[in-house]
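Structure file upload.json; described as JSON, C-alpha atoms.
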[["chain", "number", "residue", "atom", "x", "y", "z"],
["A", 10, "MET", "CA", -2.48, 21.52, -37.43],
["A", 11, "SER", "CA", -2.50, 25.29, -37.30],
["A", 12, "ALA", "CA", -5.24, 27.35, -38.88],
["A", 13, "VAL", "CA", -4.69, 29.12, -42.17],
["A", 14, "ARG", "CA", -3.95, 32.82, -41.80],
["A", 15, "GLU", "CA", -6.14, 34.96, -44.03],
["A", 16, "LEU", "CA", -6.51, 38.52, -45.15],
["A", 17, "ASN", "CA", -9.28, 40.18, -47.10],
["A", 18, "ALA", "CA", -9.13, 42.09, -50.39],
["A", 19, "SER", "CA", -8.87, 45.51, -48.72],
["A", 20, "GLU", "CA", -5.98, 44.36, -46.51],
["A", 21, "LEU", "CA", -4.11, 42.92, -49.51],
["A", 22, "ASN", "CA", -4.69, 46.11, -51.49],
["A", 23, "GLU", "CA", -3.17, 48.13, -48.62],
["A", 24, "LEU", "CA", -0.14, 45.81, -48.50],
["A", 25, "LEU", "CA", 0.34, 46.11, -52.26],
["A", 26, "GLY", "CA", 0.47, 49.88, -51.85],
["A", 27, "ALA", "CA", 3.02, 49.79, -49.02],
["A", 28, "ALA", "CA", 6.53, 50.33, -50.34],
["A", 29, "GLU", "CA", 8.12, 48.57, -47.38],
["A", 30, "ALA", "CA", 6.05, 45.39, -47.70],
["A", 31, "ARG", "CA", 8.02, 42.29, -48.64],
["A", 32, "LEU", "CA", 5.22, 40.57, -50.43],
["A", 33, "ARG", "CA", 4.72, 37.89, -53.06],
["A", 34, "VAL", "CA", 1.20, 37.40, -54.44],
["A", 35, "VAL", "CA", 0.67, 34.03, -56.11],
["A", 36, "ASP", "CA", -2.29, 33.08, -58.31],
["A", 37, "ILE", "CA", -2.77, 29.30, -58.09],
["A", 38, "ARG", "CA", -5.70, 29.02, -60.53],
["A", 39, "THR", "CA", -5.60, 27.18, -63.86],
["A", 40, "ALA", "CA", -4.18, 28.80, -67.00],
["A", 41, "GLY", "CA", -7.71, 29.24, -68.35],
["A", 42, "GLU", "CA", -8.80, 31.09, -65.23],
["A", 43, "VAL", "CA", -5.66, 33.25, -65.19],
["A", 44, "ALA", "CA", -6.24, 34.26, -68.82],
["A", 45, "GLN", "CA", -9.44, 36.00, -67.63],
["A", 46, "GLY", "CA", -7.41, 38.40, -65.48],
["A", 47, "ILE", "CA", -5.12, 38.60, -62.44],
["A", 48, "ILE", "CA", -4.48, 40.81, -59.45],
["A", 49, "PRO", "CA", -1.82, 43.30, -60.60],
["A", 50, "GLY", "CA", 1.68, 42.26, -59.59],
["A", 51, "SER", "CA", 0.83, 38.63, -58.97],
["A", 52, "GLU", "CA", 2.65, 35.65, -60.39],
["A", 53, "PHE", "CA", 1.09, 32.48, -61.75],
["A", 54, "VAL", "CA", 1.92, 29.14, -60.14],
["A", 55, "PRO", "CA", -0.88, 26.62, -60.72],
["A", 56, "MET", "CA", -1.89, 24.66, -57.66],
["A", 57, "HIS", "CA", -0.44, 21.39, -58.94],
["A", 58, "LEU", "CA", 3.02, 23.02, -59.19],
["A", 59, "ILE", "CA", 3.06, 24.41, -55.64],
["A", 60, "PRO", "CA", 5.23, 21.52, -54.33],
["A", 61, "LEU", "CA", 7.90, 22.40, -56.92],
["A", 62, "SER", "CA", 7.84, 26.10, -56.03],
["A", 63, "CYS", "CA", 7.92, 26.25, -52.25],
["A", 64, "ASP", "CA", 11.69, 25.76, -51.99],
["A", 65, "ARG", "CA", 12.32, 29.07, -53.77],
["A", 66, "TRP", "CA", 10.03, 31.14, -51.56],
["A", 67, "ARG", "CA", 11.87, 33.02, -48.84],
["A", 68, "ASP", "CA", 10.99, 33.29, -45.17],
["A", 69, "ASP", "CA", 11.46, 37.08, -45.17],
["A", 70, "GLU", "CA", 8.50, 37.76, -47.45],
["A", 71, "LEU", "CA", 4.79, 37.32, -46.99],
["A", 72, "ILE", "CA", 3.38, 34.83, -49.49],
["A", 73, "VAL", "CA", -0.27, 35.55, -50.32],
["A", 74, "LEU", "CA", -2.01, 32.78, -52.27],
["A", 75, "TYR", "CA", -5.28, 33.25, -54.09],
["A", 76, "CYS", "CA", -7.62, 31.31, -56.33],
["A", 77, "ARG", "CA", -11.15, 31.97, -57.57],
["A", 78, "SER", "CA", -12.97, 31.76, -54.22],
["A", 79, "GLY", "CA", -10.27, 31.16, -51.60],
["A", 80, "ALA", "CA", -10.95, 27.43, -51.11],
["A", 81, "ARG", "CA", -8.09, 25.98, -53.19],
["A", 82, "SER", "CA", -5.64, 28.58, -51.96],
["A", 83, "ALA", "CA", -6.56, 27.74, -48.34],
["A", 84, "GLN", "CA", -5.67, 24.10, -49.06],
["A", 85, "ALA", "CA", -2.39, 25.18, -50.66],
["A", 86, "CYS", "CA", -1.61, 27.29, -47.58],
["A", 87, "LEU", "CA", -2.19, 24.25, -45.36],
["A", 88, "PHE", "CA", 0.18, 22.20, -47.53],
["A", 89, "LEU", "CA", 2.87, 24.88, -47.38],
["A", 90, "GLN", "CA", 2.51, 25.13, -43.61],
["A", 91, "GLN", "CA", 3.08, 21.38, -43.41],
["A", 92, "GLN", "CA", 6.29, 21.95, -45.39],
["A", 93, "GLY", "CA", 7.48, 24.42, -42.77],
["A", 94, "LEU", "CA", 6.51, 27.69, -44.45],
["A", 95, "ASN", "CA", 4.83, 29.82, -41.81],
["A", 96, "ASN", "CA", 4.69, 33.02, -43.88],
["A", 97, "VAL", "CA", 1.80, 31.98, -46.15],
["A", 98, "VAL", "CA", -1.56, 33.74, -46.10],
["A", 99, "ASN", "CA", -4.79, 33.01, -47.95],
["A", 100, "LEU", "CA", -6.78, 35.74, -49.72],
["A", 101, "ARG", "CA", -10.24, 35.21, -48.21],
["A", 102, "GLY", "CA", -12.85, 35.15, -50.97],
["A", 103, "GLY", "CA", -10.22, 34.91, -53.71],
["A", 104, "ILE", "CA", -10.29, 37.00, -56.85],
["A", 105, "ILE", "CA", -14.10, 36.97, -56.74],
["A", 106, "ASP", "CA", -14.07, 39.09, -53.58],
["A", 107, "TRP", "CA", -11.23, 41.23, -54.96],
["A", 108, "HIS", "CA", -13.39, 42.01, -58.00],
["A", 109, "ARG", "CA", -16.52, 42.62, -55.88],
["A", 110, "GLN", "CA", -14.58, 45.24, -53.93],
["A", 111, "GLY", "CA", -13.94, 47.10, -57.19],
["A", 112, "LEU", "CA", -10.20, 46.49, -57.05],
["A", 113, "PRO", "CA", -8.18, 46.31, -60.28],
["A", 114, "ILE", "CA", -7.75, 43.21, -62.40],
["A", 115, "GLU", "CA", -5.38, 43.20, -65.33],
["A", 116, "ALA", "CA", -4.65, 40.93, -68.27],
["A", 117, "PRO", "CA", -1.67, 38.68, -67.55],
["A", 118, "GLU", "CA", 1.52, 39.34, -69.52],
["A", 119, "ARG", "CA", 1.76, 35.62, -70.11],
["A", 120, "VAL", "CA", -0.08, 32.54, -68.97],
["A", 121, "GLU", "CA", 2.93, 30.28, -68.40],
["A", 122, "ALA", "CA", 3.63, 29.23, -64.84],
["A", 123, "ALA", "CA", 6.44, 31.00, -62.97],
["A", 124, "VAL", "CA", 8.13, 27.81, -61.76]]
Just give me the structure as C-alpha coordinates.
Amino acid sequence: MSAVRELNASELNELLGAAEARLRVVDIRTAGEVAQGIIPGSEFVPMHLIPLSCDRWRDDELIVLYCRSGARSAQACLFLQQQGLNNVVNLRGGIIDWHRQGLPIEAPERVEAAV
(Lines of atoms letter the chains of each structure in order from A and count residues from 1; the text may use other names and numbers.)
(Lines give C-alpha, C1' and ligand atoms only; values in the text may rest on other atoms or scores of the structure.)
Protein backbone atom coordinates (compact mmCIF):
# COMPACT_ATOMS: atom_id res chain seq x y z
CA MET A 1 0.00 0.00 0.00
CA SER A 2 1.36 3.40 -0.89
CA ALA A 3 1.88 6.11 1.68
CA VAL A 4 -0.53 8.99 2.00
CA ARG A 5 0.67 12.17 0.35
CA GLU A 6 0.44 15.18 2.65
CA LEU A 7 0.83 18.91 2.59
CA ASN A 8 0.93 21.39 5.42
CA ALA A 9 -1.28 24.42 6.06
CA SER A 10 1.14 26.88 4.43
CA GLU A 11 1.38 24.75 1.28
CA LEU A 12 -2.42 24.49 1.03
CA ASN A 13 -2.78 28.23 1.55
CA GLU A 14 -0.36 28.83 -1.34
CA LEU A 15 -2.32 26.46 -3.59
CA LEU A 16 -5.58 28.18 -2.69
CA GLY A 17 -4.07 31.46 -3.83
CA ALA A 18 -2.80 30.07 -7.15
CA ALA A 19 -5.24 30.85 -9.95
CA GLU A 20 -4.01 27.95 -12.07
CA ALA A 21 -4.44 25.31 -9.36
CA ARG A 22 -7.10 22.70 -10.08
CA LEU A 23 -7.97 22.03 -6.50
CA ARG A 24 -10.85 20.65 -4.46
CA VAL A 25 -10.66 20.99 -0.67
CA VAL A 26 -12.94 18.61 1.20
CA ASP A 27 -13.84 18.81 4.90
CA ILE A 28 -14.69 15.30 6.12
CA ARG A 29 -15.59 16.21 9.72
CA THR A 30 -19.03 15.84 11.28
CA ALA A 31 -21.75 18.46 10.79
CA GLY A 32 -21.23 19.65 14.37
CA GLU A 33 -17.52 20.19 13.77
CA VAL A 34 -18.13 21.93 10.44
CA ALA A 35 -20.60 24.33 12.07
CA GLN A 36 -17.66 25.68 14.11
CA GLY A 37 -15.92 26.89 10.94
CA ILE A 38 -14.28 25.70 7.70
CA ILE A 39 -11.31 26.50 5.52
CA PRO A 40 -12.60 29.05 2.98
CA GLY A 41 -13.60 27.44 -0.31
CA SER A 42 -13.90 23.94 1.06
CA GLU A 43 -16.86 21.64 0.62
CA PHE A 44 -18.38 19.38 3.26
CA VAL A 45 -18.49 15.63 2.68
CA PRO A 46 -18.60 13.75 5.99
CA MET A 47 -16.23 10.82 6.23
CA HIS A 48 -19.01 8.22 6.14
CA LEU A 49 -20.17 9.57 2.75
CA ILE A 50 -16.75 9.44 1.08
CA PRO A 51 -17.53 6.12 -0.70
CA LEU A 52 -20.56 7.76 -2.35
CA SER A 53 -18.57 10.80 -3.46
CA CYS A 54 -15.37 9.44 -4.97
CA ASP A 55 -16.94 8.62 -8.35
CA ARG A 56 -17.61 12.31 -9.02
CA TRP A 57 -14.09 13.49 -8.25
CA ARG A 58 -11.96 14.02 -11.34
CA ASP A 59 -8.41 12.88 -11.97
CA ASP A 60 -7.37 16.31 -13.26
CA GLU A 61 -7.80 18.05 -9.91
CA LEU A 62 -5.96 17.73 -6.64
CA ILE A 63 -8.28 16.53 -3.87
CA VAL A 64 -7.18 17.78 -0.44
CA LEU A 65 -8.98 16.14 2.48
CA TYR A 66 -8.95 17.52 5.99
CA CYS A 67 -10.47 16.80 9.37
CA ARG A 68 -9.78 18.13 12.85
CA SER A 69 -6.25 16.75 13.30
CA GLY A 70 -5.41 14.97 10.05
CA ALA A 71 -5.93 11.42 11.33
CA ARG A 72 -9.38 10.71 9.86
CA SER A 73 -8.54 12.42 6.59
CA ALA A 74 -5.39 10.29 6.28
CA GLN A 75 -7.56 7.18 6.58
CA ALA A 76 -9.97 8.57 3.97
CA CYS A 77 -7.01 9.23 1.65
CA LEU A 78 -5.90 5.61 2.04
CA PHE A 79 -9.42 4.42 1.19
CA LEU A 80 -9.56 6.62 -1.91
CA GLN A 81 -6.15 5.39 -3.04
CA GLN A 82 -7.46 1.83 -2.76
CA GLN A 83 -10.32 2.91 -5.05
CA GLY A 84 -7.81 4.05 -7.66
CA LEU A 85 -7.73 7.79 -6.92
CA ASN A 86 -4.09 8.81 -6.86
CA ASN A 87 -4.72 12.57 -6.71
CA VAL A 88 -5.72 12.71 -3.03
CA VAL A 89 -3.66 14.55 -0.42
CA ASN A 90 -4.08 14.84 3.34
CA LEU A 91 -3.81 18.18 5.15
CA ARG A 92 -1.23 17.34 7.83
CA GLY A 93 -2.45 18.56 11.22
CA GLY A 94 -5.96 19.24 9.91
CA ILE A 95 -7.89 22.40 10.66
CA ILE A 96 -6.17 22.60 14.06
CA ASP A 97 -2.83 23.29 12.38
CA TRP A 98 -4.51 25.59 9.84
CA HIS A 99 -5.88 27.67 12.73
CA ARG A 100 -2.55 27.60 14.63
CA GLN A 101 -0.88 29.10 11.56
CA GLY A 102 -3.28 32.04 11.76
CA LEU A 103 -4.97 31.16 8.48
CA PRO A 104 -8.62 32.13 7.89
CA ILE A 105 -11.60 30.10 9.00
CA GLU A 106 -15.10 31.08 7.95
CA ALA A 107 -18.62 30.11 8.90
CA PRO A 108 -20.04 27.55 6.47
CA GLU A 109 -22.84 28.70 4.17
CA ARG A 110 -24.67 25.51 5.03
CA VAL A 111 -23.93 22.37 6.97
CA GLU A 112 -25.48 19.87 4.56
CA ALA A 113 -23.14 17.44 2.86
CA ALA A 114 -22.19 18.13 -0.77
CA VAL A 115 -22.95 14.61 -2.01
message: With only C-alpha atoms as the counted atoms, please give the residues lying no more than 10 Å from range 81-85 of chain A, apart from itself and same-chain residues fewer than 3 positions off, as a PyMOL selection string.
response: chain A and resi 12-15+35-38+56-57+59-60+73-78+88-91+97-103
Exercise: residues within 12 Å of coordinate (-11.7, 46.5, -54.5), counting only C-alpha atoms, as a PDB file with C-alpha atoms, keeping the file's coordinate frame:
ATOM      1  CA  ASN A  17      -9.280  40.180 -47.100  1.00  0.00           C
ATOM      2  CA  ALA A  18      -9.130  42.090 -50.390  1.00  0.00           C
ATOM      3  CA  SER A  19      -8.870  45.510 -48.720  1.00  0.00           C
ATOM      4  CA  GLU A  20      -5.980  44.360 -46.510  1.00  0.00           C
ATOM      5  CA  LEU A  21      -4.110  42.920 -49.510  1.00  0.00           C
ATOM      6  CA  ASN A  22      -4.690  46.110 -51.490  1.00  0.00           C
ATOM      7  CA  GLU A  23      -3.170  48.130 -48.620  1.00  0.00           C
ATOM      8  CA  ILE A  48      -4.480  40.810 -59.450  1.00  0.00           C
ATOM      9  CA  GLY A 102     -12.850  35.150 -50.970  1.00  0.00           C
ATOM     10  CA  GLY A 103     -10.220  34.910 -53.710  1.00  0.00           C
ATOM     11  CA  ILE A 104     -10.290  37.000 -56.850  1.00  0.00           C
ATOM     12  CA  ILE A 105     -14.100  36.970 -56.740  1.00  0.00           C
ATOM     13  CA  ASP A 106     -14.070  39.090 -53.580  1.00  0.00           C
ATOM     14  CA  TRP A 107     -11.230  41.230 -54.960  1.00  0.00           C
ATOM     15  CA  HIS A 108     -13.390  42.010 -58.000  1.00  0.00           C
ATOM     16  CA  ARG A 109     -16.520  42.620 -55.880  1.00  0.00           C
ATOM     17  CA  GLN A 110     -14.580  45.240 -53.930  1.00  0.00           C
ATOM     18  CA  GLY A 111     -13.940  47.100 -57.190  1.00  0.00           C
ATOM     19  CA  LEU A 112     -10.200  46.490 -57.050  1.00  0.00           C
ATOM     20  CA  PRO A 113      -8.180  46.310 -60.280  1.00  0.00           C
ATOM     21  CA  ILE A 114      -7.750  43.210 -62.400  1.00  0.00           C
TER      22      ILE A 114
END
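With all atoms listed in the file as the basis for measurement, A:Asp68 is the residue among A:Asp68, A:Ala44, A:Cys63, A:Phe53 that approaches Leu32 in chain A most closely.
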Long-range neighbours of Trp66 in chain A as a list of chain:residue names, 10 Å cut-off, only C-alpha atoms, 4 positions minimum in chain: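 So the residues in contact are A:Arg33, A:Ser62, A:Glu70, A:Leu71, A:Ile72, A:Leu94, A:Asn96, A:Val97.
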With C-alpha atoms retained, export the selected residues as a CSV table (one decimal), keeping the file's coordinate frame.
chain,number,residue,atom,x,y,z
A,33,ARG,CA,4.7,37.9,-53.1
A,62,SER,CA,7.8,26.1,-56.0
A,70,GLU,CA,8.5,37.8,-47.4
A,71,LEU,CA,4.8,37.3,-47.0
A,72,ILE,CA,3.4,34.8,-49.5
A,94,LEU,CA,6.5,27.7,-44.4
A,96,ASN,CA,4.7,33.0,-43.9
A,97,VAL,CA,1.8,32.0,-46.2
message: What does the structure give for the distance between CA of Leu16 in chain A and CA of Cys86 in chain A, in Å to one decimal?
response: 12.5 Å
field: Between CA of Val54 in chain A and CA of Gly41 in chain A, distance in Å (one decimal)
entry: 12.7 Å
